[in-house]
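Student: What follows is coords29.pdb; its format and atoms are PDB, N, CA and C atoms.
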```
ATOM      1  N   MET A   1     -74.461 112.722-146.677
ATOM      2  CA  MET A   1     -74.733 114.134-146.852
ATOM      3  C   MET A   1     -74.136 114.658-148.152
ATOM      4  N   GLY A   2     -72.974 114.108-148.536
ATOM      5  CA  GLY A   2     -72.324 114.549-149.762
ATOM      6  C   GLY A   2     -73.167 114.292-150.996
ATOM      7  N   GLU A   3     -73.827 113.137-151.031
ATOM      8  CA  GLU A   3     -74.633 112.825-152.218
ATOM      9  C   GLU A   3     -75.782 113.811-152.393
ATOM     10  N   LEU A   4     -76.342 114.300-151.288
ATOM     11  CA  LEU A   4     -77.404 115.298-151.378
ATOM     12  C   LEU A   4     -76.872 116.611-151.951
ATOM     13  N   ILE A   5     -75.718 117.029-151.489
ATOM     14  CA  ILE A   5     -75.126 118.279-151.977
ATOM     15  C   ILE A   5     -74.748 118.149-153.449
ATOM     16  N   TYR A   6     -74.140 117.029-153.836
ATOM     17  CA  TYR A   6     -73.770 116.817-155.237
ATOM     18  C   TYR A   6     -75.008 116.813-156.129
ATOM     19  N   THR A   7     -76.080 116.182-155.663
ATOM     20  CA  THR A   7     -77.313 116.127-156.451
ATOM     21  C   THR A   7     -77.942 117.511-156.578
ATOM     22  N   LEU A   8     -77.959 118.268-155.487
ATOM     23  CA  LEU A   8     -78.530 119.616-155.551
ATOM     24  C   LEU A   8     -77.717 120.527-156.467
ATOM     25  N   CYS A   9     -76.405 120.394-156.439
ATOM     26  CA  CYS A   9     -75.565 121.192-157.347
ATOM     27  C   CYS A   9     -75.842 120.824-158.807
ATOM     28  N   MET A  10     -75.994 119.531-159.067
ATOM     29  CA  MET A  10     -76.282 119.084-160.426
ATOM     30  C   MET A  10     -77.644 119.605-160.885
ATOM     31  N   LEU A  11     -78.640 119.538-160.034
ATOM     32  CA  LEU A  11     -79.971 120.016-160.400
ATOM     33  C   LEU A  11     -80.000 121.531-160.580
ATOM     34  N   THR A  12     -79.225 122.252-159.784
ATOM     35  CA  THR A  12     -79.149 123.702-159.946
ATOM     36  C   THR A  12     -78.500 124.077-161.271
ATOM     37  N   SER A  13     -77.430 123.370-161.628
ATOM     38  CA  SER A  13     -76.785 123.622-162.927
ATOM     39  C   SER A  13     -77.728 123.295-164.073
ATOM     40  N   LEU A  14     -78.467 122.214-163.931
ATOM     41  CA  LEU A  14     -79.430 121.836-164.967
ATOM     42  C   LEU A  14     -80.526 122.885-165.107
ATOM     43  N   ALA A  15     -81.021 123.395-163.986
ATOM     44  CA  ALA A  15     -82.058 124.425-164.034
ATOM     45  C   ALA A  15     -81.523 125.697-164.696
ATOM     46  N   CYS A  16     -80.302 126.081-164.365
ATOM     47  CA  CYS A  16     -79.705 127.269-164.994
ATOM     48  C   CYS A  16     -79.551 127.067-166.499
ATOM     49  N   ALA A  17     -79.061 125.899-166.897
ATOM     50  CA  ALA A  17     -78.908 125.610-168.329
ATOM     51  C   ALA A  17     -80.261 125.658-169.032
ATOM     52  N   TRP A  18     -81.267 125.063-168.430
ATOM     53  CA  TRP A  18     -82.617 125.024-169.010
ATOM     54  C   TRP A  18     -83.170 126.441-169.187
ATOM     55  N   LEU A  19     -83.039 127.254-168.163
ATOM     56  CA  LEU A  19     -83.560 128.620-168.242
ATOM     57  C   LEU A  19     -82.787 129.474-169.250
ATOM     58  N   LEU A  20     -81.475 129.337-169.282
ATOM     59  CA  LEU A  20     -80.679 130.125-170.212
ATOM     60  C   LEU A  20     -80.948 129.727-171.662
ATOM     61  N   ILE A  21     -81.042 128.432-171.923
ATOM     62  CA  ILE A  21     -81.311 127.990-173.305
ATOM     63  C   ILE A  21     -82.731 128.382-173.714
ATOM     64  N   GLY A  22     -83.667 128.286-172.782
ATOM     65  CA  GLY A  22     -85.029 128.729-173.083
ATOM     66  C   GLY A  22     -85.102 130.213-173.389
ATOM     67  N   SER A  23     -84.363 130.993-172.644
ATOM     68  CA  SER A  23     -84.318 132.435-172.905
ATOM     69  C   SER A  23     -83.631 132.719-174.233
ATOM     70  N   TYR A  24     -82.605 131.929-174.563
ATOM     71  CA  TYR A  24     -81.949 132.097-175.864
ATOM     72  C   TYR A  24     -82.922 131.825-177.004
ATOM     73  N   ARG A  25     -83.751 130.815-176.862
ATOM     74  CA  ARG A  25     -84.718 130.487-177.916
ATOM     75  C   ARG A  25     -85.715 131.618-178.144
ATOM     76  N   ARG A  26     -86.052 132.334-177.080
ATOM     77  CA  ARG A  26     -87.004 133.449-177.219
ATOM     78  C   ARG A  26     -86.353 134.700-177.775
ATOM     79  N   THR A  27     -85.138 135.015-177.320
ATOM     80  CA  THR A  27     -84.548 136.307-177.659
ATOM     81  C   THR A  27     -83.458 136.240-178.726
ATOM     82  N   ARG A  28     -82.850 135.077-178.894
ATOM     83  CA  ARG A  28     -81.745 134.867-179.838
ATOM     84  C   ARG A  28     -80.502 135.690-179.510
ATOM     85  N   HIS A  29     -80.315 136.039-178.238
ATOM     86  CA  HIS A  29     -79.061 136.659-177.815
ATOM     87  C   HIS A  29     -78.036 135.550-177.638
ATOM     88  N   ARG A  30     -76.959 135.628-178.397
ATOM     89  CA  ARG A  30     -76.018 134.511-178.444
ATOM     90  C   ARG A  30     -75.258 134.301-177.145
ATOM     91  N   LEU A  31     -75.105 135.342-176.347
ATOM     92  CA  LEU A  31     -74.429 135.162-175.061
ATOM     93  C   LEU A  31     -75.229 134.233-174.149
ATOM     94  N   LEU A  32     -76.549 134.256-174.273
ATOM     95  CA  LEU A  32     -77.386 133.322-173.521
ATOM     96  C   LEU A  32     -77.115 131.888-173.948
ATOM     97  N   PHE A  33     -76.878 131.686-175.241
ATOM     98  CA  PHE A  33     -76.548 130.345-175.725
ATOM     99  C   PHE A  33     -75.242 129.846-175.112
ATOM    100  N   TRP A  34     -74.197 130.693-175.138
ATOM    101  CA  TRP A  34     -72.901 130.279-174.602
ATOM    102  C   TRP A  34     -72.989 130.018-173.100
ATOM    103  N   SER A  35     -73.749 130.835-172.396
ATOM    104  CA  SER A  35     -73.914 130.630-170.961
ATOM    105  C   SER A  35     -74.691 129.342-170.685
ATOM    106  N   GLY A  36     -75.715 129.082-171.479
ATOM    107  CA  GLY A  36     -76.475 127.847-171.326
ATOM    108  C   GLY A  36     -75.644 126.615-171.627
ATOM    109  N   ALA A  37     -74.795 126.716-172.654
ATOM    110  CA  ALA A  37     -73.909 125.596-172.976
ATOM    111  C   ALA A  37     -72.907 125.361-171.848
ATOM    112  N   CYS A  38     -72.418 126.442-171.262
ATOM    113  CA  CYS A  38     -71.504 126.333-170.127
ATOM    114  C   CYS A  38     -72.179 125.607-168.963
ATOM    115  N   PHE A  39     -73.397 125.987-168.631
ATOM    116  CA  PHE A  39     -74.087 125.340-167.523
ATOM    117  C   PHE A  39     -74.493 123.906-167.856
ATOM    118  N   ALA A  40     -74.740 123.612-169.126
ATOM    119  CA  ALA A  40     -75.023 122.223-169.501
ATOM    120  C   ALA A  40     -73.803 121.337-169.254
ATOM    121  N   VAL A  41     -72.629 121.842-169.596
ATOM    122  CA  VAL A  41     -71.410 121.078-169.347
ATOM    123  C   VAL A  41     -71.111 121.022-167.848
ATOM    124  N   MET A  42     -71.459 122.079-167.110
ATOM    125  CA  MET A  42     -71.314 122.031-165.653
ATOM    126  C   MET A  42     -72.227 120.974-165.042
ATOM    127  N   THR A  43     -73.400 120.788-165.633
ATOM    128  CA  THR A  43     -74.291 119.721-165.179
ATOM    129  C   THR A  43     -73.628 118.371-165.379
ATOM    130  N   LEU A  44     -73.002 118.179-166.535
ATOM    131  CA  LEU A  44     -72.260 116.947-166.783
ATOM    132  C   LEU A  44     -71.129 116.790-165.777
ATOM    133  N   ASN A  45     -70.433 117.872-165.478
ATOM    134  CA  ASN A  45     -69.344 117.841-164.512
ATOM    135  C   ASN A  45     -69.859 117.419-163.135
ATOM    136  N   ASN A  46     -70.977 117.978-162.716
ATOM    137  CA  ASN A  46     -71.544 117.608-161.421
ATOM    138  C   ASN A  46     -72.044 116.164-161.413
ATOM    139  N   PHE A  47     -72.544 115.692-162.539
ATOM    140  CA  PHE A  47     -72.959 114.287-162.639
ATOM    141  C   PHE A  47     -71.753 113.366-162.513
ATOM    142  N   LEU A  48     -70.654 113.723-163.172
ATOM    143  CA  LEU A  48     -69.434 112.932-163.049
ATOM    144  C   LEU A  48     -68.905 112.952-161.623
ATOM    145  N   LEU A  49     -69.027 114.090-160.950
ATOM    146  CA  LEU A  49     -68.618 114.180-159.549
ATOM    147  C   LEU A  49     -69.462 113.253-158.685
ATOM    148  N   LEU A  50     -70.762 113.225-158.919
ATOM    149  CA  LEU A  50     -71.654 112.330-158.188
ATOM    150  C   LEU A  50     -71.274 110.875-158.422
ATOM    151  N   LEU A  51     -70.997 110.529-159.678
ATOM    152  CA  LEU A  51     -70.579 109.162-159.972
ATOM    153  C   LEU A  51     -69.247 108.825-159.304
ATOM    154  N   ASP A  52     -68.323 109.769-159.359
ATOM    155  CA  ASP A  52     -66.978 109.534-158.835
ATOM    156  C   ASP A  52     -66.969 109.387-157.319
ATOM    157  N   LYS A  53     -67.712 110.203-156.625
ATOM    158  CA  LYS A  53     -67.647 110.223-155.159
ATOM    159  C   LYS A  53     -68.663 109.321-154.477
ATOM    160  N   VAL A  54     -69.805 109.057-155.134
ATOM    161  CA  VAL A  54     -70.868 108.303-154.464
ATOM    162  C   VAL A  54     -71.051 106.915-155.063
ATOM    163  N   VAL A  55     -71.181 106.837-156.382
ATOM    164  CA  VAL A  55     -71.510 105.558-157.010
ATOM    165  C   VAL A  55     -70.285 104.651-157.121
ATOM    166  N   PHE A  56     -69.178 105.184-157.609
ATOM    167  CA  PHE A  56     -67.949 104.406-157.789
ATOM    168  C   PHE A  56     -66.797 105.019-156.988
ATOM    169  N   PRO A  57     -66.872 105.021-155.662
ATOM    170  CA  PRO A  57     -65.834 105.737-154.908
ATOM    171  C   PRO A  57     -64.446 105.116-154.998
ATOM    172  N   THR A  58     -64.351 103.812-155.143
ATOM    173  CA  THR A  58     -63.027 103.189-155.175
ATOM    174  C   THR A  58     -62.721 102.481-156.487
ATOM    175  N   GLN A  59     -63.743 102.161-157.279
ATOM    176  CA  GLN A  59     -63.524 101.375-158.485
ATOM    177  C   GLN A  59     -62.993 102.197-159.652
ATOM    178  N   VAL A  60     -63.523 103.382-159.855
ATOM    179  CA  VAL A  60     -63.213 104.174-161.044
ATOM    180  C   VAL A  60     -62.756 105.571-160.609
ATOM    181  N   ASP A  61     -61.720 106.071-161.272
ATOM    182  CA  ASP A  61     -61.262 107.438-161.018
ATOM    183  C   ASP A  61     -61.707 108.314-162.187
ATOM    184  N   LEU A  62     -62.675 109.159-161.946
ATOM    185  CA  LEU A  62     -63.210 110.038-162.984
ATOM    186  C   LEU A  62     -62.628 111.443-162.921
ATOM    187  N   LEU A  63     -61.549 111.622-162.180
ATOM    188  CA  LEU A  63     -60.956 112.951-162.048
ATOM    189  C   LEU A  63     -60.535 113.550-163.390
ATOM    190  N   PRO A  64     -59.872 112.803-164.290
ATOM    191  CA  PRO A  64     -59.527 113.417-165.586
ATOM    192  C   PRO A  64     -60.750 113.860-166.385
ATOM    193  N   ALA A  65     -61.799 113.066-166.377
ATOM    194  CA  ALA A  65     -63.017 113.439-167.105
ATOM    195  C   ALA A  65     -63.669 114.662-166.467
ATOM    196  N   ARG A  66     -63.650 114.726-165.143
ATOM    197  CA  ARG A  66     -64.210 115.894-164.455
ATOM    198  C   ARG A  66     -63.416 117.147-164.755
ATOM    199  N   GLN A  67     -62.105 117.042-164.789
ATOM    200  CA  GLN A  67     -61.279 118.209-165.085
ATOM    201  C   GLN A  67     -61.464 118.680-166.519
ATOM    202  N   ILE A  68     -61.577 117.741-167.455
ATOM    203  CA  ILE A  68     -61.796 118.104-168.861
ATOM    204  C   ILE A  68     -63.144 118.785-169.032
ATOM    205  N   SER A  69     -64.175 118.266-168.372
ATOM    206  CA  SER A  69     -65.498 118.887-168.505
ATOM    207  C   SER A  69     -65.528 120.269-167.846
ATOM    208  N   ALA A  70     -64.827 120.451-166.744
ATOM    209  CA  ALA A  70     -64.765 121.777-166.116
ATOM    210  C   ALA A  70     -64.027 122.766-167.017
ATOM    211  N   LEU A  71     -62.947 122.309-167.634
ATOM    212  CA  LEU A  71     -62.212 123.167-168.558
ATOM    213  C   LEU A  71     -63.068 123.528-169.763
ATOM    214  N   LEU A  72     -63.799 122.573-170.292
ATOM    215  CA  LEU A  72     -64.670 122.830-171.428
ATOM    216  C   LEU A  72     -65.764 123.835-171.072
ATOM    217  N   ALA A  73     -66.338 123.710-169.870
ATOM    218  CA  ALA A  73     -67.372 124.656-169.436
ATOM    219  C   ALA A  73     -66.806 126.071-169.358
ATOM    220  N   CYS A  74     -65.623 126.203-168.784
ATOM    221  CA  CYS A  74     -64.998 127.536-168.691
ATOM    222  C   CYS A  74     -64.661 128.090-170.071
ATOM    223  N   LEU A  75     -64.190 127.226-170.965
ATOM    224  CA  LEU A  75     -63.857 127.680-172.312
ATOM    225  C   LEU A  75     -65.095 128.135-173.078
ATOM    226  N   LEU A  76     -66.206 127.439-172.906
ATOM    227  CA  LEU A  76     -67.442 127.846-173.575
ATOM    228  C   LEU A  76     -67.875 129.236-173.114
ATOM    229  N   LEU A  77     -67.819 129.470-171.820
ATOM    230  CA  LEU A  77     -68.203 130.787-171.325
ATOM    231  C   LEU A  77     -67.207 131.848-171.769
ATOM    232  N   LEU A  78     -65.936 131.514-171.795
ATOM    233  CA  LEU A  78     -64.913 132.464-172.226
ATOM    234  C   LEU A  78     -65.099 132.823-173.697
ATOM    235  N   VAL A  79     -65.376 131.841-174.529
ATOM    236  CA  VAL A  79     -65.614 132.105-175.956
ATOM    237  C   VAL A  79     -66.825 133.017-176.111
ATOM    238  N   GLY A  80     -67.878 132.740-175.368
ATOM    239  CA  GLY A  80     -69.070 133.591-175.443
ATOM    240  C   GLY A  80     -68.794 135.008-175.018
ATOM    241  N   LEU A  81     -68.005 135.178-173.972
ATOM    242  CA  LEU A  81     -67.712 136.520-173.488
ATOM    243  C   LEU A  81     -66.784 137.282-174.434
ATOM    244  N   ILE A  82     -65.884 136.586-175.079
ATOM    245  CA  ILE A  82     -64.936 137.266-175.960
ATOM    246  C   ILE A  82     -65.534 137.594-177.319
ATOM    247  N   TYR A  83     -66.224 136.633-177.917
ATOM    248  CA  TYR A  83     -66.638 136.789-179.303
ATOM    249  C   TYR A  83     -68.029 137.375-179.512
ATOM    250  N   GLU A  84     -68.821 137.460-178.485
ATOM    251  CA  GLU A  84     -70.170 137.999-178.673
ATOM    252  C   GLU A  84     -70.233 139.439-178.199
ATOM    253  N   LYS A  85     -70.572 140.307-179.115
ATOM    254  CA  LYS A  85     -70.729 141.730-178.804
ATOM    255  C   LYS A  85     -72.164 142.124-179.052
ATOM    256  N   GLU A  86     -72.598 143.115-178.319
ATOM    257  CA  GLU A  86     -73.947 143.623-178.553
ATOM    258  C   GLU A  86     -73.892 145.126-178.650
TER
END
```
Turn this file's structure into structure tokens for me.
Tutor:
Amino acid sequence: MGELIYTLCMLTSLACAWLLIGSYRRTRHRLLFWSGACFAVMTLNNFLLLLDKVVFPTQVDLLPARQISALLACLLLLVGLIYEKE
């Protein structure tokens, strides 16, 4: 059951990233770019979670990589929120 939830979370993040980047291409609002980049990194984070918990449950510990990608996603959104004004 966990693999289904991890996959759905990854696909949802990917869909959000796709829609946000597509909207950025049409409107050129930079906050959409930062939000799309955040969700793209969240997709990577969810993919690493899927690998860590389902594919390599005992062989490889991907926790540091998952934490770094989560921090990077939060930082991207924070930079977008702080530096982009409209």
Student: Counting only C-alpha atoms, note down every residue that has an atom within 12 Å of the point (-77.1, 136.6, -178.7) (file coordinates), as a VMD selection string.
Tutor: chain A and resid 20 to 21 23 to 36 80 to 81 83 to 86
Student: Have a look at CA of Thr43 (chain A) and CA of Met10 (chain A) and let me know their distance in Å, one decimal.
Tutor: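 If I compute the distance from CA of Thr43 (chain A) to CA of Met10 (chain A), I get 5.2 Å.
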Student: Check which residues satisfy the PyMOL selection byres (((chain A and resi 9 and name CA) around 12) and name CA) in the file shown, then give them as an mmCIF file with N, CA and C atoms, in the frame of the given file.
Tutor:
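Generated output (result-v4.cif):
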```cif
data_model
loop_
_atom_site.group_PDB
_atom_site.id
_atom_site.type_symbol
_atom_site.label_atom_id
_atom_site.label_comp_id
_atom_site.auth_asym_id
_atom_site.auth_seq_id
_atom_site.Cartn_x
_atom_site.Cartn_y
_atom_site.Cartn_z
ATOM 1 N N GLY A 2 -72.974 114.108 -148.536
ATOM 2 C CA GLY A 2 -72.324 114.549 -149.762
ATOM 3 C C GLY A 2 -73.167 114.292 -150.996
ATOM 4 N N GLU A 3 -73.827 113.137 -151.031
ATOM 5 C CA GLU A 3 -74.633 112.825 -152.218
ATOM 6 C C GLU A 3 -75.782 113.811 -152.393
ATOM 7 N N LEU A 4 -76.342 114.300 -151.288
ATOM 8 C CA LEU A 4 -77.404 115.298 -151.378
ATOM 9 C C LEU A 4 -76.872 116.611 -151.951
ATOM 10 N N ILE A 5 -75.718 117.029 -151.489
ATOM 11 C CA ILE A 5 -75.126 118.279 -151.977
ATOM 12 C C ILE A 5 -74.748 118.149 -153.449
ATOM 13 N N TYR A 6 -74.140 117.029 -153.836
ATOM 14 C CA TYR A 6 -73.770 116.817 -155.237
ATOM 15 C C TYR A 6 -75.008 116.813 -156.129
ATOM 16 N N THR A 7 -76.080 116.182 -155.663
ATOM 17 C CA THR A 7 -77.313 116.127 -156.451
ATOM 18 C C THR A 7 -77.942 117.511 -156.578
ATOM 19 N N LEU A 8 -77.959 118.268 -155.487
ATOM 20 C CA LEU A 8 -78.530 119.616 -155.551
ATOM 21 C C LEU A 8 -77.717 120.527 -156.467
ATOM 22 N N MET A 10 -75.994 119.531 -159.067
ATOM 23 C CA MET A 10 -76.282 119.084 -160.426
ATOM 24 C C MET A 10 -77.644 119.605 -160.885
ATOM 25 N N LEU A 11 -78.640 119.538 -160.034
ATOM 26 C CA LEU A 11 -79.971 120.016 -160.400
ATOM 27 C C LEU A 11 -80.000 121.531 -160.580
ATOM 28 N N THR A 12 -79.225 122.252 -159.784
ATOM 29 C CA THR A 12 -79.149 123.702 -159.946
ATOM 30 C C THR A 12 -78.500 124.077 -161.271
ATOM 31 N N SER A 13 -77.430 123.370 -161.628
ATOM 32 C CA SER A 13 -76.785 123.622 -162.927
ATOM 33 C C SER A 13 -77.728 123.295 -164.073
ATOM 34 N N LEU A 14 -78.467 122.214 -163.931
ATOM 35 C CA LEU A 14 -79.430 121.836 -164.967
ATOM 36 C C LEU A 14 -80.526 122.885 -165.107
ATOM 37 N N ALA A 15 -81.021 123.395 -163.986
ATOM 38 C CA ALA A 15 -82.058 124.425 -164.034
ATOM 39 C C ALA A 15 -81.523 125.697 -164.696
ATOM 40 N N CYS A 16 -80.302 126.081 -164.365
ATOM 41 C CA CYS A 16 -79.705 127.269 -164.994
ATOM 42 C C CYS A 16 -79.551 127.067 -166.499
ATOM 43 N N PHE A 39 -73.397 125.987 -168.631
ATOM 44 C CA PHE A 39 -74.087 125.340 -167.523
ATOM 45 C C PHE A 39 -74.493 123.906 -167.856
ATOM 46 N N MET A 42 -71.459 122.079 -167.110
ATOM 47 C CA MET A 42 -71.314 122.031 -165.653
ATOM 48 C C MET A 42 -72.227 120.974 -165.042
ATOM 49 N N THR A 43 -73.400 120.788 -165.633
ATOM 50 C CA THR A 43 -74.291 119.721 -165.179
ATOM 51 C C THR A 43 -73.628 118.371 -165.379
ATOM 52 N N LEU A 44 -73.002 118.179 -166.535
ATOM 53 C CA LEU A 44 -72.260 116.947 -166.783
ATOM 54 C C LEU A 44 -71.129 116.790 -165.777
ATOM 55 N N ASN A 45 -70.433 117.872 -165.478
ATOM 56 C CA ASN A 45 -69.344 117.841 -164.512
ATOM 57 C C ASN A 45 -69.859 117.419 -163.135
ATOM 58 N N ASN A 46 -70.977 117.978 -162.716
ATOM 59 C CA ASN A 46 -71.544 117.608 -161.421
ATOM 60 C C ASN A 46 -72.044 116.164 -161.413
ATOM 61 N N PHE A 47 -72.544 115.692 -162.539
ATOM 62 C CA PHE A 47 -72.959 114.287 -162.639
ATOM 63 C C PHE A 47 -71.753 113.366 -162.513
ATOM 64 N N LEU A 48 -70.654 113.723 -163.172
ATOM 65 C CA LEU A 48 -69.434 112.932 -163.049
ATOM 66 C C LEU A 48 -68.905 112.952 -161.623
ATOM 67 N N LEU A 49 -69.027 114.090 -160.950
ATOM 68 C CA LEU A 49 -68.618 114.180 -159.549
ATOM 69 C C LEU A 49 -69.462 113.253 -158.685
ATOM 70 N N LEU A 50 -70.762 113.225 -158.919
ATOM 71 C CA LEU A 50 -71.654 112.330 -158.188
ATOM 72 C C LEU A 50 -71.274 110.875 -158.422
#
```
Student: Report the distance between atom C of Trp18 (chain A) and atom C of Ala40 (chain A) in Å, rounded to one decimal place.
Tutor: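 About the pair atom C of Trp18 (chain A) and atom C of Ala40 (chain A): they are 10.7 Å apart.
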Student: Can you measure atom N of Ala73 (chain A) to atom C of Ala37 (chain A) for me? One decimal in Å is fine.
Tutor: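 It comes out at 7.1 Å.
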Student: Rank A:Cys38, A:Gly22, A:Asp61, A:Asp52 by their smallest atom-to-atom distance to Leu75 (chain A), using only N, CA and C atoms, and report the top residue only.
Tutor: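 Residue with the minimum atom-to-atom distance to Leu75 (chain A): A:Cys38.
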Student: Enumerate as number ranges by chain all residues of chain A assigned to helix (DSSP H, G or I) by DSSP on the backbone, naming them with the chain letters and numbers the document uses.
Tutor: A: 2-27, 30-55, 63-83
Student: Please, could all heavy atoms be added to region 72-80 of chain A and the result written as a CSV table (one decimal), in the frame of the given file?
Tutor:
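Here's the written file rebuild33.csv:
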```csv
chain,number,residue,atom,x,y,z
A,72,LEU,N,-63.8,122.6,-170.3
A,72,LEU,CA,-64.7,122.8,-171.4
A,72,LEU,C,-65.8,123.8,-171.1
A,72,LEU,O,-66.1,124.7,-171.9
A,72,LEU,CB,-65.3,121.5,-171.9
A,72,LEU,CG,-66.2,121.6,-173.1
A,72,LEU,CD1,-65.5,122.2,-174.3
A,72,LEU,CD2,-66.8,120.3,-173.4
A,73,ALA,N,-66.3,123.7,-169.9
A,73,ALA,CA,-67.4,124.7,-169.4
A,73,ALA,C,-66.8,126.1,-169.4
A,73,ALA,O,-67.4,127.0,-169.8
A,73,ALA,CB,-67.9,124.2,-168.1
A,74,CYS,N,-65.6,126.2,-168.8
A,74,CYS,CA,-65.0,127.5,-168.7
A,74,CYS,C,-64.7,128.1,-170.1
A,74,CYS,O,-64.8,129.3,-170.3
A,74,CYS,CB,-63.7,127.5,-167.8
A,74,CYS,SG,-64.1,127.2,-166.1
A,75,LEU,N,-64.2,127.2,-171.0
A,75,LEU,CA,-63.9,127.7,-172.3
A,75,LEU,C,-65.1,128.1,-173.1
A,75,LEU,O,-65.0,129.1,-173.8
A,75,LEU,CB,-63.1,126.6,-173.1
A,75,LEU,CG,-61.7,126.3,-172.7
A,75,LEU,CD1,-61.1,125.1,-173.4
A,75,LEU,CD2,-60.8,127.5,-172.9
A,76,LEU,N,-66.2,127.4,-172.9
A,76,LEU,CA,-67.4,127.8,-173.6
A,76,LEU,C,-67.9,129.2,-173.1
A,76,LEU,O,-68.3,130.1,-173.9
A,76,LEU,CB,-68.6,126.8,-173.3
A,76,LEU,CG,-68.5,125.5,-174.1
A,76,LEU,CD1,-69.5,124.5,-173.5
A,76,LEU,CD2,-68.7,125.8,-175.6
A,77,LEU,N,-67.8,129.5,-171.8
A,77,LEU,CA,-68.2,130.8,-171.3
A,77,LEU,C,-67.2,131.8,-171.8
A,77,LEU,O,-67.6,133.0,-172.1
A,77,LEU,CB,-68.3,130.8,-169.8
A,77,LEU,CG,-68.9,132.0,-169.2
A,77,LEU,CD1,-70.3,132.3,-169.7
A,77,LEU,CD2,-68.9,131.9,-167.7
A,78,LEU,N,-65.9,131.5,-171.8
A,78,LEU,CA,-64.9,132.5,-172.2
A,78,LEU,C,-65.1,132.8,-173.7
A,78,LEU,O,-65.0,134.0,-174.1
A,78,LEU,CB,-63.5,131.9,-172.0
A,78,LEU,CG,-62.4,132.8,-172.2
A,78,LEU,CD1,-62.4,134.0,-171.3
A,78,LEU,CD2,-61.1,132.0,-172.1
A,79,VAL,N,-65.4,131.8,-174.5
A,79,VAL,CA,-65.6,132.1,-176.0
A,79,VAL,C,-66.8,133.0,-176.1
A,79,VAL,O,-66.8,134.0,-176.9
A,79,VAL,CB,-65.8,130.8,-176.7
A,79,VAL,CG1,-66.4,131.0,-178.1
A,79,VAL,CG2,-64.5,130.0,-176.9
A,80,GLY,N,-67.9,132.7,-175.4
A,80,GLY,CA,-69.1,133.6,-175.4
A,80,GLY,C,-68.8,135.0,-175.0
A,80,GLY,O,-69.3,136.0,-175.6
```
